[in-house]
Amino acid sequence: MKFTFSLFLPNLLLALLAGLPTPAAADDAQAPARCLAEVGRAIDTADVAAFERQVDVDAILEQALDLVTQIMAQPETADRMPPLLALVFSQAAGNGGGTVRNLLKGEARAFILNGVASGAFAGRKPSGAGAGGLLAPLFADASLGRKEIREVGAAKPDGEGWLVPFVVHDAGNGEDYAVTGRFSPTETGCRLTSVANLPELVERIRQEGMAQ
């Protein structure tokens, strides 16, 4: 099985998305669609600041790391990883692993934002060297193909914001990923703050990695 953490983050987080930001009332069911449209525009124009205004990257990475570190620290998974990376995830999942967890989060965050800034996630050929060092295998299999949002469903209020189903098409691997995003209202519209079906997405991508 190839290491799948790299597949998970880009395919799930990096074009989860794609409006013009306008003030959103609690019952503004169109706010998430505008947010998705604005994210797509930010990716297409390599506008990192606009991307971060619409996507709470840190919150979603924290959610992702909670799941991924648990999975990667399991013996049956760790046995299939390079020893040093297995140790990294084991430490990140344990008590006192905050420093290692922050390292993982920082590397993942940099990779995502660099993907936006370089235009790689808009379908343009990235320039420059790839990731290097101990954590390079995290991103070795990451798809750098264009990410497109398709089939945006109706927004469903959940008391704190909206839940919205949509599909992310990854042109890099030809796969479609069904996502249920949670959008929280902001002064300028709304923001994608978490992924409601994250466990299902993690399991699917884990299975894809095992099949390679």
# chains A, B, ... in the order shown; residues from 1 in each chain; ligands from 1
>>> residues_around(residues="region 108-119 of chain A", least_positions_apart="6", cutoff="6 Å", atoms="only C-alpha atoms", output="number ranges by chain")
A: 43, 46, 48
>>> write_last_selection(atoms="all heavy atoms", output="PDB file, in the first residue's frame")
ATOM      1  N   ILE A  43      -8.781  29.532  -6.619  1.00  0.00           N
ATOM      2  CA  ILE A  43      -7.882  28.501  -7.140  1.00  0.00           C
ATOM      3  C   ILE A  43      -7.470  28.835  -8.568  1.00  0.00           C
ATOM      4  O   ILE A  43      -6.289  28.748  -8.933  1.00  0.00           O
ATOM      5  CB  ILE A  43      -8.548  27.127  -7.059  1.00  0.00           C
ATOM      6  CG1 ILE A  43      -8.707  26.695  -5.596  1.00  0.00           C
ATOM      7  CG2 ILE A  43      -7.738  26.082  -7.823  1.00  0.00           C
ATOM      8  CD1 ILE A  43      -9.502  25.418  -5.410  1.00  0.00           C
ATOM      9  N   ALA A  46      -4.994  31.657  -8.574  1.00  0.00           N
ATOM     10  CA  ALA A  46      -3.847  31.465  -7.673  1.00  0.00           C
ATOM     11  C   ALA A  46      -3.821  32.515  -6.562  1.00  0.00           C
ATOM     12  O   ALA A  46      -2.757  33.012  -6.184  1.00  0.00           O
ATOM     13  CB  ALA A  46      -2.539  31.474  -8.463  1.00  0.00           C
ATOM     14  N   VAL A  48      -4.134  33.030  -2.956  1.00  0.00           N
ATOM     15  CA  VAL A  48      -4.109  32.320  -1.677  1.00  0.00           C
ATOM     16  C   VAL A  48      -4.919  33.048  -0.614  1.00  0.00           C
ATOM     17  O   VAL A  48      -5.637  32.427   0.181  1.00  0.00           O
ATOM     18  CB  VAL A  48      -2.653  32.119  -1.202  1.00  0.00           C
ATOM     19  CG1 VAL A  48      -2.611  31.545   0.202  1.00  0.00           C
ATOM     20  CG2 VAL A  48      -1.915  31.195  -2.163  1.00  0.00           C
TER      21      VAL A  48
END
>>> closest_residue(among="A:Arg101, A:Lys156, A:His169, A:Lys147", to="Pro32 (chain A)", atoms="only C-alpha atoms")
A:Lys156
>>> residues_around(residues="region 56-60 of chain A", least_positions_apart="5", cutoff="12 Å", atoms="only C-alpha atoms", output="VMD selection string")
chain A and resid 9 to 10 12 to 17 35 39 48 to 51 65 to 67 102 104 to 113 181 to 184 186 190 to 196 198
>>> write_last_selection(atoms="C-alpha atoms", output="PDB file, in the first residue's frame")
ATOM      1  CA  LEU A   9      -5.428  16.073   1.876  1.00  0.00           C
ATOM      2  CA  PRO A  10      -5.174  17.283  -1.715  1.00  0.00           C
ATOM      3  CA  LEU A  12     -10.328  16.182  -0.061  1.00  0.00           C
ATOM      4  CA  LEU A  13      -9.317  19.637   0.912  1.00  0.00           C
ATOM      5  CA  LEU A  14      -7.787  21.262  -2.047  1.00  0.00           C
ATOM      6  CA  ALA A  15     -10.599  21.749  -4.311  1.00  0.00           C
ATOM      7  CA  LEU A  16     -13.326  20.812  -2.116  1.00  0.00           C
ATOM      8  CA  LEU A  17     -14.397  23.794  -3.515  1.00  0.00           C
ATOM      9  CA  CYS A  35     -18.580  30.558  -1.113  1.00  0.00           C
ATOM     10  CA  VAL A  39     -13.077  29.284  -3.720  1.00  0.00           C
ATOM     11  CA  VAL A  48      -4.109  32.320  -1.677  1.00  0.00           C
ATOM     12  CA  ALA A  49      -5.543  35.155   0.451  1.00  0.00           C
ATOM     13  CA  ALA A  50      -8.970  34.773  -1.158  1.00  0.00           C
ATOM     14  CA  PHE A  51      -8.779  30.998  -0.740  1.00  0.00           C
ATOM     15  CA  LEU A  65      -5.189  15.096  11.527  1.00  0.00           C
ATOM     16  CA  ASP A  66      -7.390  13.792  14.328  1.00  0.00           C
ATOM     17  CA  LEU A  67      -8.508  10.972  12.038  1.00  0.00           C
ATOM     18  CA  ASN A 102       2.233  20.850  14.443  1.00  0.00           C
ATOM     19  CA  LEU A 104       2.657  17.601  10.122  1.00  0.00           C
ATOM     20  CA  LYS A 105       0.038  20.316  10.023  1.00  0.00           C
ATOM     21  CA  GLY A 106       2.578  22.906   8.910  1.00  0.00           C
ATOM     22  CA  GLU A 107       3.891  20.710   6.099  1.00  0.00           C
ATOM     23  CA  ALA A 108       0.371  19.901   4.901  1.00  0.00           C
ATOM     24  CA  ARG A 109      -0.685  23.539   5.085  1.00  0.00           C
ATOM     25  CA  ALA A 110       2.343  24.662   3.101  1.00  0.00           C
ATOM     26  CA  PHE A 111       1.722  22.018   0.460  1.00  0.00           C
ATOM     27  CA  ILE A 112      -1.916  23.044   0.048  1.00  0.00           C
ATOM     28  CA  LEU A 113      -1.254  26.767  -0.154  1.00  0.00           C
ATOM     29  CA  GLY A 181     -19.254  20.468   3.748  1.00  0.00           C
ATOM     30  CA  ARG A 182     -20.245  22.483   6.799  1.00  0.00           C
ATOM     31  CA  PHE A 183     -20.387  26.223   6.147  1.00  0.00           C
ATOM     32  CA  SER A 184     -20.410  28.772   8.944  1.00  0.00           C
ATOM     33  CA  THR A 186     -19.325  35.220   8.503  1.00  0.00           C
ATOM     34  CA  CYS A 190     -19.799  32.188   4.890  1.00  0.00           C
ATOM     35  CA  ARG A 191     -16.779  29.942   5.177  1.00  0.00           C
ATOM     36  CA  LEU A 192     -16.141  26.242   4.792  1.00  0.00           C
ATOM     37  CA  THR A 193     -15.152  25.156   8.300  1.00  0.00           C
ATOM     38  CA  SER A 194     -15.373  21.354   8.367  1.00  0.00           C
ATOM     39  CA  VAL A 195     -16.269  18.220   6.403  1.00  0.00           C
ATOM     40  CA  ALA A 196     -19.195  16.267   7.826  1.00  0.00           C
ATOM     41  CA  LEU A 198     -14.717  13.031   6.614  1.00  0.00           C
TER      42      LEU A 198
END
